[in-house]
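Structure file my_file29.cif (mmCIF, C-alpha atoms) is printed below.
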data_final
loop_
_atom_site.label_atom_id
_atom_site.label_comp_id
_atom_site.auth_asym_id
_atom_site.auth_seq_id
_atom_site.Cartn_x
_atom_site.Cartn_y
_atom_site.Cartn_z
CA MET M 1 -14.18 -2.98 2.59
CA THR M 2 -12.66 -5.06 -0.17
CA GLU M 3 -14.55 -4.81 -3.42
CA ARG M 4 -14.57 -7.90 -5.59
CA ARG M 5 -16.35 -7.92 -8.90
CA ILE M 6 -17.35 -11.03 -10.79
CA THR M 7 -14.92 -11.23 -13.67
CA GLU M 8 -15.24 -13.03 -16.95
CA PRO M 9 -12.10 -15.06 -17.71
CA ARG M 10 -10.30 -13.54 -20.68
CA PHE M 11 -6.73 -14.14 -21.78
CA ASP M 12 -4.97 -10.83 -22.37
CA THR M 13 -1.79 -10.98 -24.43
CA THR M 14 -0.82 -7.45 -23.40
CA ILE M 15 -0.73 -8.41 -19.74
CA HIS M 16 0.69 -11.92 -20.07
CA ALA M 17 4.35 -10.88 -20.52
CA ALA M 18 6.14 -11.75 -17.28
CA LEU M 19 7.03 -8.26 -16.15
CA ARG M 20 3.72 -6.67 -17.15
CA LEU M 21 1.82 -9.36 -15.28
CA GLN M 22 3.86 -8.79 -12.13
CA LEU M 23 3.49 -5.02 -12.41
CA CYS M 24 -0.28 -5.34 -12.77
CA ALA M 25 -0.37 -7.72 -9.78
CA MET M 26 1.24 -5.03 -7.63
CA LEU M 27 -0.71 -2.08 -8.98
CA ALA M 28 -4.02 -3.92 -8.60
CA GLU M 29 -3.65 -3.86 -4.82
CA VAL M 30 -2.72 -0.21 -4.27
CA ASP M 31 -3.84 3.22 -5.41
CA ALA M 32 -0.56 4.07 -7.08
CA MET M 33 3.11 3.19 -6.96
CA ASP M 34 6.26 5.13 -7.73
CA PHE M 35 8.12 4.01 -10.83
CA ALA M 36 11.30 3.72 -8.76
CA ALA M 37 9.60 1.52 -6.17
CA ALA M 38 8.20 -0.75 -8.88
CA ARG M 39 11.60 -1.01 -10.55
CA GLU M 40 13.22 -1.88 -7.24
CA ASP M 41 10.64 -4.56 -6.37
CA LEU M 42 10.68 -6.07 -9.83
CA ASP M 43 14.46 -5.92 -9.90
CA VAL M 44 14.81 -4.69 -13.47
CA SER M 45 16.47 -1.73 -15.18
CA ASP M 46 14.78 1.62 -15.85
CA SER M 47 14.71 1.09 -19.58
CA VAL M 48 13.09 -2.33 -19.43
CA LEU M 49 10.40 -1.21 -17.01
CA SER M 50 9.77 1.95 -19.06
CA LYS M 51 9.25 -0.16 -22.17
CA HIS M 52 6.70 -2.39 -20.47
CA VAL M 53 4.92 0.49 -18.76
CA LYS M 54 4.58 2.19 -22.12
CA VAL M 55 2.95 -0.92 -23.58
CA LEU M 56 0.42 -0.95 -20.74
CA ALA M 57 -0.14 2.81 -20.97
CA ASP M 58 -0.71 2.62 -24.74
CA GLU M 59 -3.35 -0.02 -24.11
CA GLY M 60 -5.00 2.25 -21.53
CA TYR M 61 -4.25 -0.13 -18.68
CA VAL M 62 -1.86 2.10 -16.75
CA VAL M 63 -1.82 5.81 -16.20
CA ILE M 64 1.47 7.61 -15.58
CA THR M 65 1.61 10.84 -13.64
CA SER M 66 4.71 12.93 -13.04
CA ARG M 67 5.40 15.15 -10.10
CA THR M 68 8.40 16.93 -8.68
CA SER M 69 9.61 16.02 -5.21
CA GLY M 70 12.76 17.51 -3.70
CA GLY M 71 13.72 18.96 -7.07
CA ARG M 72 13.50 15.56 -8.76
CA ALA M 73 10.85 14.44 -11.18
CA ARG M 74 9.13 11.26 -10.02
CA LYS M 75 6.80 9.14 -12.07
CA ARG M 76 3.86 7.42 -10.45
CA LEU M 77 1.98 4.47 -11.93
CA ALA M 78 -1.62 3.50 -11.35
CA LEU M 79 -3.85 0.84 -12.86
CA THR M 80 -6.88 2.19 -14.67
CA ARG M 81 -10.33 0.64 -14.35
CA ALA M 82 -9.82 -1.00 -17.75
CA GLY M 83 -6.45 -2.30 -16.58
CA ALA M 84 -7.89 -3.67 -13.36
CA ASP M 85 -10.67 -5.43 -15.27
CA ALA M 86 -8.24 -6.84 -17.84
CA TYR M 87 -5.89 -8.07 -15.13
CA ALA M 88 -8.73 -9.66 -13.15
CA GLY M 89 -10.02 -11.34 -16.32
CA HIS M 90 -6.55 -12.58 -17.21
CA VAL M 91 -5.97 -14.08 -13.76
CA ALA M 92 -9.41 -15.69 -13.88
CA GLU M 93 -8.49 -17.25 -17.23
CA LEU M 94 -5.16 -18.53 -15.86
CA ARG M 95 -7.03 -20.13 -12.97
CA ARG M 96 -9.55 -21.64 -15.37
CA LEU M 97 -6.71 -23.11 -17.44
CA ILE M 98 -5.12 -24.66 -14.37
CA GLY M 99 -8.50 -26.08 -13.48
CA MET R 1 39.89 -2.61 -17.60
CA ALA R 2 38.51 -1.67 -14.17
CA GLN R 3 36.82 -4.54 -12.40
CA LEU R 4 33.49 -4.25 -10.65
CA ALA R 5 33.28 -5.13 -6.97
CA PRO R 6 31.82 -8.65 -6.54
CA GLY R 7 28.57 -7.33 -5.04
CA VAL R 8 28.03 -4.83 -7.85
CA ALA R 9 28.87 -7.41 -10.49
CA ASN R 10 26.42 -9.89 -9.00
CA GLN R 11 23.69 -7.26 -8.88
CA ALA R 12 24.36 -6.29 -12.49
CA ARG R 13 24.20 -9.94 -13.56
CA ARG R 14 20.93 -10.39 -11.68
CA VAL R 15 19.35 -7.30 -13.27
CA ILE R 16 20.48 -8.39 -16.74
CA ALA R 17 18.97 -11.83 -16.15
CA ARG R 18 15.72 -10.26 -14.94
CA ASP R 19 15.70 -7.88 -17.91
CA ASP R 20 16.04 -10.86 -20.24
CA SER R 21 13.20 -12.77 -18.60
CA ALA R 22 10.93 -9.71 -18.40
CA ASP R 23 9.88 -10.10 -22.02
CA ARG R 24 8.87 -13.75 -21.67
CA GLU R 25 5.37 -14.28 -22.98
CA ASP R 26 5.43 -18.07 -22.92
CA LEU R 27 4.69 -18.42 -19.23
CA ARG R 28 2.60 -21.42 -18.31
CA PRO R 29 -0.52 -20.54 -16.27
CA ALA R 30 0.94 -21.93 -13.05
CA GLU R 31 4.19 -20.06 -13.64
CA ALA R 32 2.30 -16.85 -14.36
CA LEU R 33 0.25 -17.11 -11.18
CA ALA R 34 3.35 -17.92 -9.15
CA SER R 35 5.05 -14.82 -10.56
CA THR R 36 2.14 -12.61 -9.47
CA LYS R 37 2.39 -14.08 -6.00
CA ALA R 38 6.10 -13.25 -5.87
CA ALA R 39 5.37 -9.68 -6.97
CA ARG R 40 2.73 -9.30 -4.29
CA GLU R 41 5.17 -10.58 -1.65
CA ALA R 42 7.61 -7.83 -2.69
CA LEU R 43 4.79 -5.33 -2.27
CA VAL R 44 4.00 -6.75 1.18
CA ARG R 45 7.60 -6.18 2.28
CA ARG R 46 7.23 -2.56 1.19
CA VAL R 47 3.93 -1.79 2.94
CA ASN R 48 4.57 -3.80 6.10
CA LEU R 49 5.08 -1.10 8.73
CA PRO R 50 6.99 -1.76 11.95
CA TRP R 51 4.92 -1.54 15.13
CA MET R 52 7.30 1.20 16.30
CA TRP R 53 5.93 3.53 13.62
CA HIS R 54 2.40 3.15 14.93
CA ALA R 55 3.60 3.36 18.55
CA VAL R 56 5.21 6.75 17.85
CA MET R 57 1.99 7.91 16.20
CA ALA R 58 -0.02 6.70 19.23
CA VAL R 59 2.27 8.58 21.63
CA GLY R 60 1.73 11.72 19.53
CA ILE R 61 -2.04 11.16 19.66
CA PHE R 62 -1.85 10.68 23.42
CA ALA R 63 0.08 13.95 23.86
CA VAL R 64 -2.39 15.92 21.74
CA GLU R 65 -5.39 14.38 23.48
CA CYS R 66 -3.90 15.24 26.89
CA PHE R 67 -3.57 18.80 25.62
CA ILE R 68 -7.17 18.80 24.40
CA VAL R 69 -8.45 17.52 27.75
CA ARG R 70 -6.42 20.06 29.71
CA ASN R 71 -7.44 22.96 27.52
CA PRO R 72 -10.50 22.21 25.36
CA VAL R 73 -10.57 25.71 23.84
CA LEU R 74 -7.04 25.48 22.48
CA GLY R 75 -7.70 21.81 21.82
CA ALA R 76 -10.51 22.75 19.44
CA VAL R 77 -7.80 24.26 17.24
CA GLY R 78 -5.05 21.79 18.09
CA GLY R 79 -7.18 18.71 17.49
CA PRO R 80 -8.06 19.37 13.84
CA ALA R 81 -4.50 20.61 13.26
CA PHE R 82 -3.21 17.30 14.57
CA ILE R 83 -5.55 15.34 12.30
CA VAL R 84 -4.25 17.31 9.31
CA ALA R 85 -0.68 16.72 10.50
CA ALA R 86 -1.35 12.98 10.89
CA VAL R 87 -2.70 12.79 7.33
CA LEU R 88 0.33 14.70 6.04
CA VAL R 89 2.71 12.39 7.93
CA THR R 90 0.89 9.36 6.50
CA ARG R 91 1.19 10.77 2.99
CA ALA R 92 4.87 11.56 3.56
CA ARG R 93 5.43 7.97 4.68
CA GLU R 94 3.61 6.71 1.59
CA ARG R 95 5.81 8.90 -0.60
CA ARG R 96 8.90 7.54 1.12
CA ILE R 97 7.97 3.91 0.55
CA GLY R 98 6.69 4.77 -2.93
CA VAL R 99 3.27 3.18 -2.51
CA MET R 100 -0.02 4.98 -2.20
CA SER R 101 -2.40 2.61 -0.45
CA ASP R 102 -6.01 3.53 -0.07
CA ILE R 103 -6.29 3.42 3.69
CA THR R 104 -7.88 6.88 3.66
CA ARG R 105 -10.64 5.56 1.40
CA GLY R 106 -11.43 2.91 3.99
CA ARG R 107 -10.82 -0.14 1.79
CA ASP R 108 -8.96 -1.75 4.68
CA LEU R 109 -11.25 -0.45 7.38
CA ASP R 110 -14.13 -2.88 7.94
CA ALA R 111 -17.13 -2.57 10.28
CA GLN R 112 -15.01 -3.45 13.29
CA GLY R 113 -12.47 -0.81 12.27
CA TRP R 114 -15.19 1.86 12.17
CA TRP R 115 -16.52 0.61 15.50
CA MET R 116 -13.04 0.91 17.02
CA THR R 117 -12.67 4.43 15.58
CA GLY R 118 -15.94 5.37 17.27
CA ALA R 119 -14.63 3.90 20.53
CA ALA R 120 -11.43 5.98 20.28
CA TRP R 121 -13.51 9.16 19.90
CA ALA R 122 -15.81 8.06 22.73
CA PHE R 123 -12.82 7.64 25.05
CA LEU R 124 -11.68 11.16 24.18
CA VAL R 125 -15.16 12.55 24.91
CA LEU R 126 -15.17 10.61 28.19
CA GLY R 127 -11.83 12.22 29.06
CA LEU R 128 -13.32 15.64 28.40
CA LEU R 129 -16.33 14.87 30.59
CA LEU R 130 -14.14 13.63 33.44
CA ARG R 131 -11.55 16.43 33.33
CA GLU R 132 -13.19 18.59 36.03
CA ARG R 133 -14.16 15.78 38.39
CA TRP R 134 -11.52 13.08 38.13
CA GLU R 135 -8.21 13.98 36.52
CA LEU R 136 -6.73 10.49 36.72
CA GLY R 137 -9.86 9.04 35.12
CA ALA R 138 -9.58 11.56 32.29
CA LEU R 139 -5.95 10.58 31.75
CA VAL R 140 -6.85 6.88 31.65
CA ALA R 141 -9.65 7.59 29.14
CA VAL R 142 -7.25 9.51 26.90
CA ALA R 143 -4.67 6.72 27.16
CA ALA R 144 -7.39 4.22 26.18
CA SER R 145 -8.20 6.39 23.17
CA ALA R 146 -4.54 6.42 22.06
CA VAL R 147 -4.19 2.65 22.59
CA THR R 148 -7.36 2.08 20.54
CA MET R 149 -5.94 4.24 17.74
CA PHE R 150 -2.74 2.17 17.86
CA ALA R 151 -4.80 -1.03 17.59
CA ILE R 152 -6.76 0.41 14.64
CA ALA R 153 -3.56 1.32 12.80
CA ARG R 154 -1.97 -2.10 13.38
CA ARG R 155 -5.14 -3.88 12.37
CA SER R 156 -5.51 -1.78 9.25
CA ASN R 157 -1.92 -2.51 8.21
CA SER R 158 -2.44 -6.24 8.86
CA ARG R 159 -5.60 -6.20 6.76
CA LEU R 160 -3.77 -4.44 3.93
CA ILE R 161 -1.07 -7.12 4.02
CA ALA R 162 -3.64 -9.92 4.17
CA ARG R 163 -5.54 -8.39 1.25
CA ILE R 164 -2.39 -8.22 -0.88
CA ARG R 165 -1.40 -11.81 0.02
CA ASP R 166 -4.90 -13.21 -0.53
CA ALA R 167 -5.48 -11.38 -3.82
CA GLU R 168 -6.03 -13.59 -6.83
#
Write out the structure in this file as structure tokens.
Amino acid sequence: MTERRITEPRFDTTIHAALRLQLCAMLAEVDAMDFAAAREDLDVSDSVLSKHVKVLADEGYVVITSRTSGGRARKRLALTRAGADAYAGHVAELRRLIG
Amino acid sequence: MAQLAPGVANQARRVIARDDSADREDLRPAEALASTKAAREALVRRVNLPWMWHAVMAVGIFAVECFIVRNPVLGAVGGPAFIVAAVLVTRARERRIGVMSDITRGRDLDAQGWWMTGAAWAFLVLGLLLRERWELGALVAVAASAVTMFAIARRSNSRLIARIRDAE
């Protein structure tokens, strides 16, 4: 069953950058997502996505795990609880601003 | 200097444009919300499974359940093995599409989903009870179980898609 918590609106400058906001929007709805899949869906280069993922990871919003599959290292991204709360708060604030 | 094929050049231009806009922090609230919606639509395209996938799974379930009904002793081993195999296939599919959804945690399985799961098991038990007395009835019960499982899987996928689309 879908769990929805009451969220206090709070603008988050870390999340507000276009790509980070879109990445959080995707990660908020799933358990985890491969880096490659996120890059493909967001239609950006590896380096750009890496840079933004690092910003989110440094803030504790995203956790990165690595695993080997078919001899290739694959990175997987997941939103942390803090990240999910920050994203929900940011979206609530955007909605509040729109009115 | 070697020229890029038109398709490759267009893709490169698009990625460069996206890379440039990725850093934008001056999004207006409406723009920001619209961008999250676009991202979620991309995710929907990724997790939206064709009905054929679930149909193949249902046929596999039907075959295993027929086996269980015909030979319950071997079925006691084969049944759990099939459940493990089904979970592994689901995980393999998730790895292929690159998205781990939490279907196994039941986020997209509501009360009706659990009720339907119970019905699928009940049909299997009915098949086992009927196996000695009415073979055709047992087969129909097993088929009903597989069809119910198919319906559960389709419903669960639809709910996942609806949840992603309706998310704030």
Nearest candidate to chain R (options M:Leu27, M:Asp34, M:Arg72, M:Asp12; using only C-alpha atoms):
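Going through M:Leu27, M:Asp34, M:Arg72, M:Asp12 one by one, the smallest distance to chain R is for M:Asp34.
Shortest separation to Arg39 in chain M among R:Leu43, R:Ala143, R:Leu74, R:Val125 occurs at residue R:Leu43, atoms counted being all atoms listed in the file.
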One number please: CA of Leu23 in chain M to CA of Val87 in chain R, in Å, one decimal.
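Between CA of Leu23 in chain M and CA of Val87 in chain R the gap works out to 27.3 Å.
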Using only C-alpha atoms and a cut-off of 7 Å, which residues of chain M sit close to chain R? Please list them as an MDAnalysis selection string.
chainID M and resid 1:2 16:19 21:22 25:26 29:34 37 41 43:45 48 91 94 97:98
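Across the model, the gap from CA of Ala36 in chain M to CA of Arg67 in chain M is 12.9 Å.
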Applied to the shown file, which residues does the PyMOL selection byres ((chain M and resi 75) around 6) return, written as a list in words?
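Those residues are Asp34, Phe35, Thr65, Ser66, Arg74 and Arg76 of chain M.
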As lines of an AutoDock Vina configuration file, what would the box around range 131-140 of chain R look like: edges along x, y and z, 8 Å added on every side, centre and edge lengths in Å to one decimal?
center_x = -10.1
center_y = 12.7
center_z = 35.0
size_x = 24.2
size_y = 27.7
size_z = 22.7
